file structure22.txt (compact mmCIF, C-alpha atoms and all ligand atoms)
# COMPACT_ATOMS: atom_id res chain seq x y z
CA MET A 1 -50.88 -59.63 49.91
CA ASN A 2 -53.30 -57.62 47.73
CA THR A 3 -52.82 -54.59 49.93
CA PHE A 4 -49.29 -54.11 48.42
CA PHE A 5 -50.61 -53.78 44.81
CA ILE A 6 -52.78 -51.13 43.32
CA GLU A 7 -55.26 -52.33 40.79
CA PHE A 8 -55.15 -50.62 37.39
CA ARG A 9 -58.73 -49.48 37.81
CA ASP A 10 -57.84 -47.80 41.03
CA PRO A 11 -57.94 -43.89 40.67
CA LEU A 12 -54.57 -43.75 42.47
CA PHE A 13 -53.04 -45.67 39.53
CA SER A 14 -54.24 -43.03 37.04
CA ILE A 15 -52.72 -40.26 39.19
CA ILE A 16 -49.36 -42.10 39.32
CA ILE A 17 -49.42 -42.60 35.52
CA PHE A 18 -50.31 -38.92 35.02
CA PHE A 19 -47.35 -37.70 37.15
CA ALA A 20 -45.02 -40.24 35.53
CA ILE A 21 -45.93 -38.85 32.08
CA ILE A 22 -45.39 -35.24 33.29
CA PHE A 23 -42.01 -36.27 34.74
CA LEU A 24 -40.98 -37.96 31.51
CA ILE A 25 -42.01 -34.96 29.37
CA THR A 26 -40.19 -32.52 31.68
CA PHE A 27 -37.07 -34.69 31.74
CA PHE A 28 -37.08 -35.12 27.98
CA SER A 29 -37.54 -31.40 27.24
CA TYR A 30 -34.78 -30.53 29.75
CA TRP A 31 -32.41 -33.07 28.14
CA TRP A 32 -33.31 -31.90 24.61
CA GLY A 33 -32.67 -28.26 25.60
CA ARG A 34 -29.25 -29.15 27.01
CA TYR A 35 -28.36 -31.20 23.95
CA ARG A 36 -29.33 -28.36 21.56
CA ARG A 37 -27.31 -25.81 23.55
CA LYS A 38 -24.25 -28.04 23.45
CA GLU A 39 -24.68 -28.67 19.72
CA ASP A 40 -25.07 -24.95 18.98
CA SER A 41 -21.93 -24.03 20.93
CA ARG A 42 -19.96 -26.87 19.28
CA HIS A 43 -21.07 -25.70 15.84
CA LEU A 44 -20.07 -22.08 16.60
CA ASP A 45 -16.67 -23.20 17.95
CA LYS A 46 -16.09 -25.23 14.78
CA PHE A 47 -17.14 -22.27 12.64
CA LEU A 48 -14.84 -19.84 14.48
CA ARG A 49 -11.89 -22.28 14.49
CA GLN A 50 -11.53 -22.06 10.71
CA PHE A 51 -10.76 -18.32 11.02
CA ARG A 52 -8.11 -18.83 13.69
CA SER A 53 -5.89 -20.98 11.50
CA LEU A 54 -4.82 -19.91 8.02
CA PRO A 55 -5.86 -22.09 5.08
CA SER A 56 -3.25 -24.64 4.07
CA LYS A 57 -1.56 -24.65 0.65
CA GLU A 58 -3.83 -27.51 -0.48
CA GLU A 59 -6.96 -25.71 0.75
CA LEU A 60 -5.90 -22.58 -1.14
CA LYS A 61 -5.42 -24.64 -4.31
CA THR A 62 -9.00 -25.96 -4.07
CA LEU A 63 -10.44 -22.57 -3.10
CA ILE A 64 -8.71 -20.55 -5.83
CA GLY A 65 -9.19 -23.31 -8.45
CA GLY A 66 -12.90 -23.53 -7.52
CA GLY A 67 -13.40 -19.96 -8.68
CA GLU A 68 -15.88 -19.15 -5.90
CA LEU A 69 -14.16 -15.83 -5.24
CA SER A 70 -13.21 -13.25 -7.86
CA GLU A 71 -9.57 -12.52 -8.74
CA LYS A 72 -9.88 -9.10 -7.08
CA SER A 73 -11.06 -10.71 -3.82
CA TRP A 74 -7.99 -12.98 -3.80
CA LEU A 75 -5.71 -10.01 -4.52
CA LEU A 76 -7.29 -8.11 -1.61
CA LEU A 77 -6.87 -11.10 0.69
CA ALA A 78 -3.22 -11.57 -0.35
CA HIS A 79 -2.61 -7.85 0.23
CA SER A 80 -4.07 -8.02 3.74
CA TYR A 81 -1.76 -10.98 4.52
CA PHE A 82 1.15 -8.90 3.13
CA LYS A 83 0.17 -5.93 5.34
CA ASN A 84 0.09 -8.18 8.41
CA GLY A 85 3.53 -9.55 7.64
CA GLU A 86 2.21 -13.04 6.74
CA TYR A 87 4.27 -13.14 3.55
CA GLU A 88 4.18 -16.92 3.18
CA LYS A 89 0.37 -16.98 2.81
CA SER A 90 0.47 -14.01 0.49
CA ILE A 91 3.10 -15.80 -1.68
CA ASP A 92 0.96 -18.99 -1.75
CA ILE A 93 -2.04 -17.03 -3.03
CA TYR A 94 -0.10 -15.18 -5.75
CA ASN A 95 1.63 -18.38 -6.89
CA GLU A 96 -1.67 -20.24 -7.09
CA MET A 97 -3.27 -17.37 -9.01
CA LEU A 98 -0.40 -17.41 -11.51
CA ARG A 99 -0.62 -21.19 -11.85
CA ILE A 100 -4.21 -20.92 -13.07
CA SER A 101 -4.02 -20.07 -16.74
CA GLY A 102 -6.11 -17.18 -17.98
CA SER A 103 -5.31 -14.85 -15.10
CA LEU A 104 -6.45 -11.36 -16.10
CA ASN A 105 -3.74 -9.45 -14.24
CA LYS A 106 -0.71 -11.70 -14.75
CA LYS A 107 1.90 -8.91 -14.88
CA GLU A 108 0.43 -7.13 -11.84
CA THR A 109 0.20 -10.39 -9.86
CA MET A 110 3.81 -11.19 -10.77
CA PHE A 111 4.88 -7.74 -9.57
CA LEU A 112 3.03 -8.22 -6.26
CA LEU A 113 4.63 -11.65 -5.87
CA GLY A 114 8.10 -10.18 -6.53
CA ARG A 115 7.46 -7.39 -4.03
CA THR A 116 6.37 -9.93 -1.40
CA TYR A 117 9.46 -12.10 -2.07
CA PHE A 118 11.61 -8.96 -1.61
CA LYS A 119 9.90 -7.98 1.64
CA ALA A 120 10.17 -11.56 2.97
CA GLY A 121 13.90 -11.61 2.16
CA PHE A 122 13.77 -14.13 -0.73
CA LEU A 123 16.04 -11.93 -2.86
CA GLU A 124 17.01 -14.45 -5.54
CA ARG A 125 13.37 -15.36 -6.20
CA ALA A 126 12.40 -11.66 -6.24
CA LYS A 127 15.17 -10.99 -8.76
CA GLN A 128 13.93 -13.78 -11.08
CA ILE A 129 10.35 -12.47 -10.96
CA PHE A 130 11.34 -8.85 -11.75
CA LEU A 131 13.67 -10.00 -14.56
CA GLU A 132 10.83 -12.04 -16.05
CA ILE A 133 8.45 -9.06 -15.92
CA LEU A 134 11.11 -6.87 -17.58
CA LYS A 135 11.78 -9.50 -20.26
CA ASN A 136 8.20 -9.12 -21.51
CA SER A 137 7.63 -5.46 -20.51
CA PRO A 138 11.00 -3.64 -20.32
CA ARG A 139 9.33 -0.28 -19.77
CA THR A 140 7.97 -1.02 -16.30
CA PRO A 141 9.57 1.53 -13.91
CA GLN A 142 8.09 -0.10 -10.78
CA ALA A 143 9.75 -3.43 -11.62
CA LEU A 144 13.04 -1.60 -12.41
CA HIS A 145 12.92 0.21 -9.05
CA TYR A 146 12.39 -3.06 -7.19
CA LEU A 147 15.10 -4.83 -9.20
CA LEU A 148 17.47 -2.03 -8.15
CA LEU A 149 16.48 -2.55 -4.49
CA VAL A 150 17.03 -6.31 -4.82
CA TYR A 151 20.55 -5.81 -6.28
CA GLU A 152 21.30 -3.24 -3.56
CA GLN A 153 20.31 -5.69 -0.82
CA MET A 154 22.38 -8.38 -2.52
CA ARG A 155 25.30 -5.90 -2.49
CA ASP A 156 25.58 -6.27 -6.26
CA TYR A 157 26.07 -2.53 -6.74
CA LYS A 158 27.33 -2.84 -10.32
CA SER A 159 24.08 -4.49 -11.47
CA ALA A 160 22.08 -1.96 -9.41
CA LEU A 161 23.87 0.91 -11.20
CA ASP A 162 23.13 -0.79 -14.57
CA VAL A 163 19.40 -0.67 -13.73
CA LEU A 164 19.65 3.15 -13.59
CA GLU A 165 20.18 3.35 -17.37
CA PRO A 166 16.70 2.12 -18.40
CA LEU A 167 15.26 4.28 -15.59
CA ASP A 168 17.05 7.30 -17.07
CA GLU A 169 15.56 6.47 -20.46
CA LEU A 170 12.13 6.46 -18.84
CA LYS A 171 12.91 10.00 -17.51
CA GLU A 172 12.90 8.89 -13.85
CA ASP A 173 14.94 10.96 -11.39
CA THR A 174 17.88 8.72 -10.49
CA SER A 175 20.40 11.26 -9.13
CA ASN A 176 19.93 10.25 -5.47
CA ASP A 177 20.04 6.54 -6.29
CA ARG A 178 23.20 6.99 -8.36
CA ALA A 179 25.06 8.91 -5.63
CA TYR A 180 23.91 6.46 -2.97
CA LEU A 181 24.83 3.33 -4.94
CA LYS A 182 28.21 4.77 -5.92
CA SER A 183 28.92 5.60 -2.26
CA LEU A 184 27.90 2.11 -1.12
CA ALA A 185 30.03 0.54 -3.86
CA LEU A 186 33.00 2.61 -2.66
CA LEU A 187 32.54 1.76 1.01
CA ASN A 188 32.25 -1.96 0.25
CA ASP A 189 35.19 -2.08 -2.17
CA THR A 190 37.93 -3.99 -0.35
CA SER A 191 40.53 -3.15 -3.02
CA LEU A 192 40.43 0.59 -2.17
CA SER A 193 42.46 2.20 0.62
CA ILE A 194 40.81 4.41 3.27
CA GLU A 195 42.40 7.49 1.64
CA ASP A 196 40.91 6.57 -1.76
CA LYS A 197 37.51 6.00 -0.20
CA THR A 198 37.46 9.31 1.70
CA THR A 199 38.67 11.28 -1.36
CA LYS A 200 36.05 9.72 -3.66
CA LEU A 201 33.28 10.07 -1.04
CA LEU A 202 34.08 13.77 -0.64
CA GLU A 203 34.04 14.12 -4.43
CA ILE A 204 30.53 12.64 -4.59
CA TYR A 205 29.44 14.86 -1.69
CA SER A 206 30.80 18.06 -3.26
CA GLN A 207 28.80 17.29 -6.44
CA THR A 208 25.49 16.39 -4.79
CA HIS A 209 25.45 17.76 -1.20
CA HIS A 210 23.32 14.73 -0.37
CA LEU A 211 24.09 11.76 1.89
CA SER A 212 25.69 14.02 4.51
CA TYR A 213 25.08 11.44 7.26
CA LEU A 214 26.58 8.53 5.31
CA VAL A 215 29.66 10.56 4.28
CA PHE A 216 30.42 12.21 7.64
CA GLU A 217 29.66 9.08 9.65
CA TYR A 218 32.44 7.34 7.69
CA LEU A 219 34.82 10.34 7.78
CA PHE A 220 34.47 10.88 11.54
CA ARG A 221 35.05 7.15 12.09
CA VAL A 222 38.19 6.80 9.98
CA ASP A 223 39.70 10.31 9.91
CA PRO A 224 38.11 12.89 12.30
CA LYS A 225 40.67 15.55 11.28
CA LEU A 226 39.66 15.28 7.60
CA ALA A 227 36.00 15.22 8.62
CA TRP A 228 36.34 18.56 10.47
CA GLU A 229 38.34 20.07 7.59
CA ASN A 230 35.49 19.26 5.18
CA PHE A 231 32.65 19.70 7.67
CA ASP A 232 29.48 21.13 6.14
CA SER A 233 28.15 23.36 8.93
CA SER A 234 24.81 23.74 7.11
CA LYS A 235 24.19 20.05 7.99
CA SER A 236 25.08 20.42 11.72
CA GLU A 237 21.50 19.93 12.88
CA ARG A 238 21.00 16.78 10.75
CA LEU A 239 24.21 15.36 12.20
CA THR A 240 23.43 16.24 15.83
CA ASP A 241 23.55 12.65 17.13
CA LEU A 242 26.77 11.94 15.24
CA LEU A 243 28.40 15.08 16.71
CA TRP A 244 27.00 14.28 20.17
CA GLY A 245 28.59 10.82 20.06
CA LEU A 246 32.09 12.00 19.03
CA ASP A 247 34.97 11.27 21.36
CA SER A 248 36.16 14.45 23.14
CA SER A 249 39.70 13.83 21.78
CA HIS A 250 38.29 14.08 18.23
CA LEU A 251 36.78 17.57 18.64
CA ASP A 252 38.23 20.48 16.67
CA LEU A 253 37.68 23.37 19.07
CA ASP A 254 38.73 26.02 16.51
CA ILE A 255 35.96 25.00 14.11
CA ILE A 256 33.44 24.44 16.93
CA SER A 257 34.04 27.90 18.48
CA LYS A 258 33.21 29.53 15.11
CA ASN A 259 29.79 27.85 14.82
CA SER A 260 27.04 28.89 17.27
CA TYR A 261 25.08 25.60 16.96
CA LEU A 262 28.21 23.51 17.64
CA LYS A 263 29.19 25.78 20.56
CA GLU A 264 25.75 25.28 22.16
CA LEU A 265 25.86 21.52 21.49
CA TYR A 266 29.28 20.96 23.04
CA THR A 267 28.55 23.31 25.97
CA ALA A 268 25.40 21.25 26.63
CA ARG A 269 27.51 18.07 26.46
CA GLY A 270 29.99 19.55 28.96
CA ASP A 271 33.09 19.86 26.76
CA MET A 272 33.30 23.67 26.92
CA ASN A 273 31.79 26.74 28.58
CA GLU A 274 31.34 28.96 25.55
CA VAL A 275 27.66 29.87 26.00
CA THR A 276 25.25 30.36 28.92
CA GLY A 277 22.11 29.22 27.11
CA SER A 278 20.74 27.91 23.82
CA SER A 279 17.77 28.50 21.54
CA VAL A 280 17.43 24.68 21.34
CA PHE A 281 15.26 23.78 24.34
CA GLU A 282 17.07 20.52 25.24
CA PHE A 283 20.54 22.13 24.98
CA ASP A 284 19.34 25.03 27.15
CA ILE A 285 18.09 22.63 29.86
CA LEU A 286 21.35 20.63 29.80
CA ILE A 287 23.45 23.83 30.04
CA GLY A 288 21.31 24.86 33.04
CA LEU A 289 21.71 21.41 34.64
CA LYS A 290 25.52 21.53 34.46
CA ARG A 291 25.74 23.28 37.83
CA SER A 292 23.60 20.59 39.50
CA SER A 293 24.55 16.95 40.04
CA VAL A 294 21.79 15.61 37.72
CA ASN A 295 23.14 13.13 35.18
CA ALA A 296 21.30 13.85 31.97
CA THR A 297 22.04 13.29 28.29
CA LEU A 298 20.23 13.18 24.96
CA ASN A 299 18.32 10.28 23.50
CA PHE A 300 17.87 10.15 19.72
CA GLU A 301 15.32 8.71 17.32
CA TYR A 302 15.03 8.98 13.56
CA ILE A 303 11.99 9.86 11.48
CA CYS A 304 11.70 9.41 7.73
CA ASP A 305 10.93 12.84 6.29
CA ASN A 306 9.03 11.20 3.43
CA CYS A 307 6.72 8.66 5.12
CA LYS A 308 7.06 9.68 8.82
CA GLN A 309 8.06 6.16 9.92
CA THR A 310 10.08 6.25 13.17
CA TYR A 311 13.26 4.20 13.72
CA PRO A 312 15.46 3.74 16.80
CA PHE A 313 18.60 3.64 14.62
CA ILE A 314 19.94 5.76 11.77
CA PHE A 315 19.06 4.62 8.25
CA HIS A 316 20.26 5.77 4.85
CA ARG A 317 17.39 4.22 2.87
CA CYS A 318 13.97 4.05 4.53
CA SER A 319 12.85 0.42 4.61
CA SER A 320 9.23 1.52 4.43
CA CYS A 321 9.12 3.99 1.50
CA HIS A 322 12.68 3.39 0.14
CA ALA A 323 13.52 7.12 0.16
CA ILE A 324 17.26 7.89 0.37
CA ASP A 325 18.82 10.23 2.97
CA SER A 326 15.40 11.05 4.41
CA ALA A 327 16.29 10.51 8.10
CA VAL A 328 15.55 13.46 10.37
CA VAL A 329 17.03 13.16 13.84
CA GLU A 330 14.92 14.11 16.86
CA TRP A 331 16.14 14.18 20.43
CA SER A 332 14.88 14.29 24.00
CA ILE A 333 16.51 14.54 27.43
CA THR A 334 17.02 11.29 29.29
CA LYS A 335 18.92 10.01 32.34
CA ASP A 336 22.59 9.32 31.61
CA TYR A 337 22.81 5.65 32.67
CA HIS A 338 26.33 5.37 31.25
CA LYS A 339 27.61 8.17 33.55
CA ASP A 340 25.75 6.65 36.53
CA PHE A 341 27.34 3.28 35.79
CA SER A 342 30.89 4.68 35.49
CA GLU A 343 30.46 6.69 38.73
CA GLU A 344 29.24 3.56 40.53
CA ASN A 345 32.24 1.60 39.25
CA ASN A 346 34.64 4.37 40.36
CA SER A 347 33.16 4.38 43.88
CA PHE A 348 34.09 0.69 44.28
CA GLN A 349 37.73 1.32 43.45
ZN ZN B 1 10.10 6.46 4.57
call {"tool": "encode", "arguments": {"input": "structure22.txt", "output": "structure tokens"}}
result
Amino acid sequence: MNTFFIEFRDPLFSIIIFFAIIFLITFFSYWWGRYRRKEDSRHLDKFLRQFRSLPSKEELKTLIGGGELSEKSWLLLAHSYFKNGEYEKSIDIYNEMLRISGSLNKKETMFLLGRTYFKAGFLERAKQIFLEILKNSPRTPQALHYLLLVYEQMRDYKSALDVLEPLDELKEDTSNDRAYLKSLALLNDTSLSIEDKTTKLLEIYSQTHHLSYLVFEYLFRVDPKLAWENFDSSKSERLTDLLWGLDSSHLDLDIISKNSYLKELYTARGDMNEVTGSSVFEFDILIGLKRSSVNATLNFEYICDNCKQTYPFIFHRCSSCHAIDSAVVEWSITKDYHKDFSEENNSFQ
């Protein structure tokens, strides 16, 4: 029976104890290492998670109220939210900053809040903010400009035109705004007939020679004959896409044949054979392609001359820098899918 047990004085017992202790130490250090690694990664995940989600309204209240960050830091943070299009967060920060009494830059913060409301499409709230700024500081041109934009978006053109008076007093150049707002008011006036609208639009155009796209886009749509009669050939290049899109039945060949740019444009489009080439590269290529069976046309895009922002559609006021009549049309040759589609449809008939 004794042969199955090792006595504790036996040297073999000490060796077993020694290895058992080594095993325990190794196991413990391995387990501790694993535990630490897991803890570290969990801590880092938790730390990073707070940057993935935006702080809630309540968190912002505590953070801004706590005063751990300076007012400038909060303004910078709100501006970066504004730049990224996260207007709601930006609005929360400005509102909370205004709620805390003793704000150093109250007027500036109110202006930034109004601008963010405008950009986010909260026009009524933006209007209230700008009116409040102007109540205390009527000589604030930036607030007046934004109030004008708010009224314009609200289609309250009368109020927008009223805003021009204080701007005039502040010696701001309002001629473009005035012509633009008057034209918009005319176009949206349901009590006026088409004849009245075209006559008054042409009156505004003859005085300013601005807004050529807005005026001729309307004229060509409602009365192409009148549009050609009053056509300003100096604006032909600016109106290239409008002229390119005209229905062939609406072309005035007498006027077109007297203008070299129009002759090249409509030869390139395939309406006439007046010229054999063009100084405009794309027109020249299209005139050359007429003899082949390649279906090609022009594709247009619009660049703001003031801030260089690109748009796929025509605009009369740049939504980025708010400049009026600053669209410059640019074109490139593309496949004519419309022609391909109509030819395919004809082949099935
Ligand atoms: Zn612009």
call {"tool": "residues_near_point", "arguments": {"input": "structure22.txt", "point": "(1.2, -15.2, 6.0)", "cutoff": "12 Å", "atoms": "only C-alpha atoms", "output": "PyMOL selection string"}}
result
chain A and resi 53-57+77-94+116-117+120
call {"tool": "residues_around", "arguments": {"input": "structure22.txt", "residues": "Arg155 of chain A", "least_positions_apart": "5", "cutoff": "10 Å", "atoms": "all atoms listed in the file", "output": "list in words"}}
result
Leu149, Val150, Ala160, Leu181, Leu184, Ala185 and Asn188 of chain A
call {"tool": "residues_around", "arguments": {"input": "structure22.txt", "residues": "segment 190-194 of chain A", "least_positions_apart": "5", "cutoff": "10 Å", "atoms": "all atoms listed in the file", "output": "ChimeraX atom specification"}}
result
/A:185,199-200,218-219,222-223
call {"tool": "closest_residue", "arguments": {"input": "structure22.txt", "among": "A:Leu214, A:Ala327, A:Leu113, A:Leu289", "to": "ligand ZN 1 (chain B)", "atoms": "only C-alpha atoms and all ligand atoms"}}
result
A:Ala327
call {"tool": "atom_distance", "arguments": {"input": "structure22.txt", "atom1": "atom CA of Phe231 of chain A", "atom2": "atom CA of Trp331 of chain A"}}
result
21.6 Å
call {"tool": "closest_atom_pairs", "arguments": {"input": "structure22.txt", "of": "chain A", "to": "ligand ZN 1 (chain B)", "cutoff": "9 Å", "atoms": "all atoms listed in the file", "output": "CSV"}}
result
residue,atom,partner,partner_atom,distance
A:Ile303,CA,B:ZN1,ZN,7.9
A:Cys304,CA,B:ZN1,ZN,4.6
A:Asp305,CA,B:ZN1,ZN,6.7
A:Asn306,CA,B:ZN1,ZN,5.0
A:Cys307,CA,B:ZN1,ZN,4.1
A:Lys308,CA,B:ZN1,ZN,6.1
A:Gln309,CA,B:ZN1,ZN,5.7
A:Thr310,CA,B:ZN1,ZN,8.6
A:Arg317,CA,B:ZN1,ZN,7.8
A:Cys318,CA,B:ZN1,ZN,4.6
A:Ser319,CA,B:ZN1,ZN,6.6
A:Ser320,CA,B:ZN1,ZN,5.0
A:Cys321,CA,B:ZN1,ZN,4.1
A:His322,CA,B:ZN1,ZN,6.0
A:Ala323,CA,B:ZN1,ZN,5.6
A:Ile324,CA,B:ZN1,ZN,8.4
A:Ser326,CA,B:ZN1,ZN,7.0
A:Ala327,CA,B:ZN1,ZN,8.2
call {"tool": "residues_around", "arguments": {"input": "structure22.txt", "residues": "Thr240 of chain A", "least_positions_apart": "3", "cutoff": "9 Å", "atoms": "all atoms listed in the file", "output": "JSON, numbers by chain"}}
result
{"A": [235, 236, 237, 243, 244, 245, 262, 265, 329, 330, 331]}
call {"tool": "atom_distance", "arguments": {"input": "structure22.txt", "atom1": "atom CA of Ile17 of chain A", "atom2": "atom CA of Trp32 of chain A"}}
result
22.2 Å
call {"tool": "atom_distance", "arguments": {"input": "structure22.txt", "atom1": "atom CA of Leu186 of chain A", "atom2": "atom CA of Phe216 of chain A"}}
result
14.3 Å
call {"tool": "residues_near_point", "arguments": {"input": "structure22.txt", "point": "(24.6, 25.1, 22.4)", "cutoff": "9 Å", "atoms": "only C-alpha atoms", "output": "number ranges by chain"}}
result
A: 260-269, 274-280, 283-284, 287
call {"tool": "closest_residue", "arguments": {"input": "structure22.txt", "among": "A:Thr174, A:Ser212, A:Ser41, A:Ser332", "to": "Phe281 of chain A", "atoms": "all atoms listed in the file"}}
result
A:Ser332
call {"tool": "residues_around", "arguments": {"input": "structure22.txt", "residues": "Asp252 of chain A", "least_positions_apart": "6", "cutoff": "12 Å", "atoms": "only C-alpha atoms", "output": "MDAnalysis selection string"}}
result
chainID A and resid 220 224:231 243 246 258:259 262:263 266 271:272
call {"tool": "residues_around", "arguments": {"input": "structure22.txt", "residues": "segment 131-141 of chain A", "least_positions_apart": "3", "cutoff": "12 Å", "atoms": "only C-alpha atoms", "output": "JSON, numbers by chain"}}
result
{"A": [106, 107, 108, 109, 110, 111, 112, 113, 114, 124, 125, 126, 127, 128, 144, 145, 146, 147, 148, 150, 151, 163, 164, 165, 166, 167, 168, 169, 170, 171, 172, 173, 174]}
call {"tool": "closest_residue", "arguments": {"input": "structure22.txt", "among": "A:Glu59, A:Asp325, A:Ala20, A:Asp45", "to": "Tyr180 of chain A", "atoms": "only C-alpha atoms"}}
result
A:Asp325
call {"tool": "closest_residue", "arguments": {"input": "structure22.txt", "among": "A:Asp189, A:Asp10, A:Glu96, A:Glu217", "to": "Leu60 of chain A", "atoms": "all atoms listed in the file"}}
result
A:Glu96
call {"tool": "closest_residue", "arguments": {"input": "structure22.txt", "among": "A:Leu202, A:Leu44, A:Leu98, A:Leu239", "to": "Ser183 of chain A", "atoms": "all atoms listed in the file"}}
result
A:Leu202
call {"tool": "closest_residue", "arguments": {"input": "structure22.txt", "among": "A:Phe122, A:Phe19, A:Ile100, A:Ala296", "to": "Glu71 of chain A", "atoms": "only C-alpha atoms"}}
result
A:Ile100
call {"tool": "decode", "arguments": {"input": "structure22.txt", "residues": "segment 87-108 of chain A", "atoms": "C-alpha atoms", "output": "short mmCIF file (atom, residue, chain, number, x, y, z; two decimals), in the first residue's frame"}}
result
data_model
loop_
_atom_site.label_atom_id
_atom_site.label_comp_id
_atom_site.auth_asym_id
_atom_site.auth_seq_id
_atom_site.Cartn_x
_atom_site.Cartn_y
_atom_site.Cartn_z
CA TYR A 87 -26.10 71.90 -38.74
CA GLU A 88 -28.11 70.44 -35.87
CA LYS A 89 -25.02 70.04 -33.66
CA SER A 90 -23.76 73.45 -34.66
CA ILE A 91 -27.17 74.97 -33.72
CA ASP A 92 -27.13 73.15 -30.33
CA ILE A 93 -23.71 74.63 -29.51
CA TYR A 94 -24.64 78.20 -30.50
CA ASN A 95 -27.95 78.01 -28.61
CA GLU A 96 -26.24 76.71 -25.48
CA MET A 97 -23.57 79.41 -25.72
CA LEU A 98 -26.27 82.09 -25.97
CA ARG A 99 -28.17 80.58 -23.04
CA ILE A 100 -25.18 81.10 -20.76
CA SER A 101 -25.31 84.70 -19.67
CA GLY A 102 -22.15 86.75 -19.99
CA SER A 103 -21.21 85.49 -23.44
CA LEU A 104 -18.48 87.78 -24.80
CA ASN A 105 -19.50 87.56 -28.46
CA LYS A 106 -23.29 87.50 -28.22
CA LYS A 107 -23.97 89.39 -31.47
CA GLU A 108 -21.43 87.32 -33.43
#
